[in-house]
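Below: one structure, written as structure tokens.
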Number of protein chains: 2
Amino acid sequence: MENMLKQFIDHNIPQLETTMYELVKSIKAPAHLKESMLYSLKAGGKRIRPLFVVAVCEMYNQSLETSYTVGSAVEMIHTYSLIHDDLPSMDDDELRRGKPTNHVVYGEALATLAGDALNTLAFGVIARLNNLSAEKRIELVNLLSVAAGAEGMVGGQVLDMDGEKRLLNLKELETVHVNKTGALLRFSIEAGAVLANASISDREALVEYAHHIGLAFQIQDDILDIEGTSEQLGKTAGKDVASDKSTYPALLTLEGAKQKLDEHYELAIEALQKIDIDTTLLRQFAQYIVRRSN
Amino acid sequence: MENMLKQFIDHNIPQLETTMYELVKSIKAPAHLKESMLYSLKAGGKRIRPLFVVAVCEMYNQSLETSYTVGSAVEMIHTYSLIHDDLPSMDDDELRRGKPTNHVVYGEALATLAGDALNTLAFGVIARLNNLSAEKRIELVNLLSVAAGAEGMVGGQVLDMDGEKRLLNLKELETVHVNKTGALLRFSIEAGAVLANASISDREALVEYAHHIGLAFQIQDDILDIEGTSEQLGKTAGKDVASDKSTYPALLTLEGAKQKLDEHYELAIEALQKIDIDTTLLRQFAQYIVRRSN
């Protein structure tokens, strides 16, 4: 990982996580419900979505306090989607990042409700950001609702389920990922632009960057499922091929998928060149996403 | 039912439902996801929560347009909670209001996701109320997040699950219901007060009314489970007794529960007397809630 990005991540993840855990600890709710919510939030992961919110604010020299809370909101949405996705009626996964999944520890009923509570809490923590104007808070609530709901992430999960029954074509596969993983990544980067008062043209360039980074992220996920080891990934490698899932390598061959990855990486970097400030941090973030091994 | 209330309900339910269905139809999402969301929204019910939002606005002579959308948001939250509650891992109900439950028709995975999407959409439709100030929209988003989440409805469901394992005392039972059903009723009435620009003292009186109406509603539910027929209720009567569930009649005897119902009804009516405008509509609403037979 490039040096500037590494420093940025090492510095900001602890503050981000402290903020996020405190937002859950401070609510008045049954102890085991909070425990179940915190269990999955603490299960780790790369924190890519919240780091994007913070990174955009950092790039525009904004105070980062608010970005930790907005980042926490998007991580709550991401985490609830994983809890529900792991349920026996969905992907039926018993392990995630090497740890037992939420329903294995707390039972299906509490896991379902912990997911629901995280979904709802995400909107509450944005609404309570008193140092941000009501206009900006409402804009963020609206963007998050669209990105997380039927028009975004949840819609993408539904399309992805359909894709398990038949082989999708490239356009359909792209639609799945633009929604399933792309929508929250786009929200993260656009939310950073809202917090940083970025100009309309900067914001458009950032959204374009987000679009290509989202697709690059997914293609690299598909490639890692083939080239990575289960140990590296913290989950079973080779699962996509074994289940005949629609993936970029399945549609384009492994070489074709790598070429597609490079294309989206290049387009993401090009989008950044439309912005007049120093965008090194997001350039390094793009490299990290396409080169990561887990 | 009293005449004024009957007219109010007959006039407003069609407009409310038209608004609510349109809010789902107009989003860009996979067709069968929208179908599953609409299936449960259209399964009917008394629409008590949205009618409370509209009733408060009507009482203060406000335009009702916005209240249909805010009412739709709270009905979306209520509906998603029923979809998830009916899942095999929760209450495992195959019928609701005489119709097959969502997961029976669409499968557990899609039912889970339709619930998630309704939860998220509720916040989006409030955020997009462009004829309402950003300050009011943010206040409503915050109130709804608290009422619907771990601090309110979801927290109450968790406490209710705990109550299935042991007999609760009266204070614990009240805490369950103040959260599980009370929080959304309170939101509905308080949201009406926000939309109607009610004074602080009026708003406090309305919240007090909501508190007692919420408990009266639940006590009448418990009484109907004993005195009602399955045909009247549209669900199996006598289920609470059969399952040894903590209820008001179980703790207080049937007569004691009826006395408690009257007490909360009287306190709700007393709260309304602190308000200077004509509150006939909410008085009749209170009567309807304690006298209803389903």
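In the structure tokens, chains take letters A, B, ... by order of appearance, with residues numbered from 1 within each chain and ligands from 1 in the order shown.
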Got a sec to pull out which chain A residues are within 6 Å of chain B, counting only C-alpha atoms, and send them as JSON, numbers by chain? {"A": [28, 29, 89, 90, 108, 109, 117, 120, 124, 127, 134, 135, 138, 142, 145, 149, 150, 151, 155]}
So that I can check the secondary structure, give me every residue of range 53-105 of chain B assigned helix (DSSP H, G or I) by backbone DSSP, as a ChimeraX atom specification. /B:53-59,65-85,102-105
Let's have the selection written as a short mmCIF file (atom, residue, chain, number, x, y, z; two decimals), in the first residue's frame, with N, CA, C and O atoms.
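Written out: selection-v8.cif:
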data_model
loop_
_atom_site.label_atom_id
_atom_site.label_comp_id
_atom_site.auth_asym_id
_atom_site.auth_seq_id
_atom_site.Cartn_x
_atom_site.Cartn_y
_atom_site.Cartn_z
N VAL B 53 -51.61 10.26 12.18
CA VAL B 53 -50.87 11.41 11.61
C VAL B 53 -51.86 12.36 10.94
O VAL B 53 -51.84 13.58 11.17
N VAL B 54 -52.74 11.78 10.12
CA VAL B 54 -53.71 12.59 9.37
C VAL B 54 -54.69 13.27 10.34
O VAL B 54 -55.01 14.46 10.17
N ALA B 55 -55.14 12.53 11.37
CA ALA B 55 -56.15 13.08 12.29
C ALA B 55 -55.64 14.32 13.02
O ALA B 55 -56.39 15.30 13.18
N VAL B 56 -54.39 14.29 13.45
CA VAL B 56 -53.85 15.46 14.16
C VAL B 56 -53.78 16.66 13.22
O VAL B 56 -54.15 17.78 13.57
N CYS B 57 -53.36 16.43 11.98
CA CYS B 57 -53.31 17.52 11.00
C CYS B 57 -54.71 18.07 10.74
O CYS B 57 -54.92 19.29 10.65
N GLU B 58 -55.69 17.19 10.61
CA GLU B 58 -57.09 17.58 10.38
C GLU B 58 -57.59 18.45 11.55
O GLU B 58 -58.23 19.48 11.34
N MET B 59 -57.28 18.02 12.77
CA MET B 59 -57.72 18.74 13.97
C MET B 59 -57.20 20.17 13.98
O MET B 59 -57.86 21.08 14.48
N GLU B 65 -52.07 16.77 2.61
CA GLU B 65 -51.18 16.11 1.62
C GLU B 65 -49.94 15.49 2.26
O GLU B 65 -49.65 14.31 2.07
N THR B 66 -49.21 16.30 3.01
CA THR B 66 -47.95 15.84 3.60
C THR B 66 -48.19 14.72 4.60
O THR B 66 -47.38 13.80 4.73
N SER B 67 -49.33 14.78 5.31
CA SER B 67 -49.60 13.77 6.33
C SER B 67 -49.84 12.40 5.70
O SER B 67 -49.56 11.38 6.33
N TYR B 68 -50.31 12.36 4.45
CA TYR B 68 -50.46 11.06 3.78
C TYR B 68 -49.09 10.42 3.55
O TYR B 68 -48.93 9.20 3.66
N THR B 69 -48.09 11.24 3.22
CA THR B 69 -46.75 10.68 2.97
C THR B 69 -46.09 10.26 4.28
O THR B 69 -45.50 9.17 4.36
N VAL B 70 -46.19 11.10 5.32
CA VAL B 70 -45.60 10.72 6.61
C VAL B 70 -46.34 9.49 7.16
O VAL B 70 -45.72 8.57 7.71
N GLY B 71 -47.66 9.46 6.98
CA GLY B 71 -48.44 8.28 7.37
C GLY B 71 -47.99 7.04 6.61
O GLY B 71 -47.88 5.95 7.18
N SER B 72 -47.71 7.20 5.33
CA SER B 72 -47.22 6.07 4.53
C SER B 72 -45.90 5.56 5.08
O SER B 72 -45.65 4.35 5.14
N ALA B 73 -45.02 6.49 5.50
CA ALA B 73 -43.71 6.09 6.04
C ALA B 73 -43.90 5.22 7.28
O ALA B 73 -43.27 4.17 7.41
N VAL B 74 -44.78 5.64 8.19
CA VAL B 74 -44.94 4.87 9.43
C VAL B 74 -45.63 3.53 9.13
O VAL B 74 -45.30 2.50 9.74
N GLU B 75 -46.52 3.50 8.15
CA GLU B 75 -47.15 2.23 7.77
C GLU B 75 -46.13 1.29 7.11
O GLU B 75 -46.21 0.06 7.27
N MET B 76 -45.16 1.85 6.37
CA MET B 76 -44.09 1.02 5.80
C MET B 76 -43.27 0.36 6.91
O MET B 76 -42.92 -0.83 6.81
N ILE B 77 -42.95 1.13 7.95
CA ILE B 77 -42.20 0.57 9.09
C ILE B 77 -43.03 -0.53 9.76
O ILE B 77 -42.54 -1.63 10.04
N HIS B 78 -44.30 -0.23 10.03
CA HIS B 78 -45.18 -1.22 10.67
C HIS B 78 -45.25 -2.50 9.81
O HIS B 78 -45.14 -3.61 10.33
N THR B 79 -45.40 -2.32 8.51
CA THR B 79 -45.54 -3.47 7.60
C THR B 79 -44.25 -4.30 7.54
O THR B 79 -44.31 -5.53 7.56
N TYR B 80 -43.10 -3.62 7.46
CA TYR B 80 -41.84 -4.41 7.42
C TYR B 80 -41.71 -5.22 8.70
O TYR B 80 -41.26 -6.37 8.69
N SER B 81 -42.14 -4.62 9.85
CA SER B 81 -41.99 -5.35 11.12
C SER B 81 -42.88 -6.59 11.13
O SER B 81 -42.51 -7.63 11.69
N LEU B 82 -44.06 -6.52 10.51
CA LEU B 82 -44.93 -7.69 10.41
C LEU B 82 -44.32 -8.75 9.50
O LEU B 82 -44.36 -9.95 9.81
N ILE B 83 -43.75 -8.33 8.37
CA ILE B 83 -43.13 -9.29 7.44
C ILE B 83 -42.02 -10.07 8.16
O ILE B 83 -41.96 -11.30 8.10
N HIS B 84 -41.13 -9.35 8.85
CA HIS B 84 -40.03 -10.02 9.54
C HIS B 84 -40.55 -10.84 10.73
O HIS B 84 -40.05 -11.93 11.00
N ASP B 85 -41.56 -10.33 11.43
CA ASP B 85 -42.14 -11.02 12.58
C ASP B 85 -42.76 -12.36 12.17
O ASP B 85 -42.77 -13.31 12.96
N ASN B 102 -46.05 -12.97 3.71
CA ASN B 102 -45.16 -12.61 2.60
C ASN B 102 -44.20 -13.75 2.21
O ASN B 102 -44.08 -14.08 1.02
N HIS B 103 -43.57 -14.38 3.20
CA HIS B 103 -42.57 -15.42 2.86
C HIS B 103 -43.22 -16.67 2.29
O HIS B 103 -42.58 -17.43 1.57
N VAL B 104 -44.51 -16.90 2.63
CA VAL B 104 -45.22 -18.05 2.05
C VAL B 104 -45.39 -17.83 0.54
O VAL B 104 -45.25 -18.75 -0.25
N VAL B 105 -45.64 -16.58 0.17
CA VAL B 105 -45.86 -16.26 -1.25
C VAL B 105 -44.54 -16.06 -2.00
O VAL B 105 -44.36 -16.56 -3.10
#
To one decimal in Å, tell me the separation between CA of Leu184 in chain B and CA of Glu208 in chain B. 13.8 Å
Just want the 10 Å neighbourhood of Gly44 in chain A, counted on only C-alpha atoms, with same-chain residues fewer than 4 positions away dropped. Output as a short mmCIF file (atom, residue, chain, number, x, y, z; two decimals) with C-alpha atoms, in the first residue's frame.
data_model
loop_
_atom_site.label_atom_id
_atom_site.label_comp_id
_atom_site.auth_asym_id
_atom_site.auth_seq_id
_atom_site.Cartn_x
_atom_site.Cartn_y
_atom_site.Cartn_z
CA GLU A 17 -14.41 2.64 15.08
CA TYR A 39 -20.66 -8.09 17.56
CA SER A 40 -21.05 -7.70 13.82
CA THR A 79 -23.06 -4.57 8.32
CA ARG A 96 -17.51 -14.48 8.07
CA ARG A 97 -13.97 -13.14 8.34
#
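Distance check against Ile13 in chain B using only C-alpha atoms: of B:Lys180, B:Lys25, B:Ala271, B:Gly45, the minimum falls on B:Gly45.
What separates CA of Arg186 in chain A from CA of Ser36 in chain A is a distance of 27.7 Å.
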Determine which residues of range 68-112 of chain B DSSP labels as strand (DSSP E or B) from the backbone of this structure, then write them out as a PyMOL selection string. chain B and resi 95-96+99-100
All residues 12 Å or closer to Ala216 in chain B, only C-alpha atoms, same chain fewer than 5 positions away omitted, as JSON, numbers by chain: {"B": [174, 177, 178, 181, 182, 185, 209, 210, 211, 221, 222, 223, 248, 257, 258, 259, 260, 261, 262, 263, 264, 265, 266, 267, 268, 269, 285, 286, 287, 288, 289, 290, 291, 292]}
Could you work out how far CA of Phe52 in chain A lies from CA of Ile189 in chain A, giving the answer in Å with one decimal? 5.6 Å
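Distance check against Ile200 in chain B using only C-alpha atoms: of B:Lys245, B:Lys274, B:His212, B:Lys239, the minimum falls on B:Lys274.
You can rank B:Ser201, B:Asn3, B:Gln62, B:Asn131 by their closest distance to Ile275 in chain B using only C-alpha atoms, and at the top of that list sits B:Ser201.
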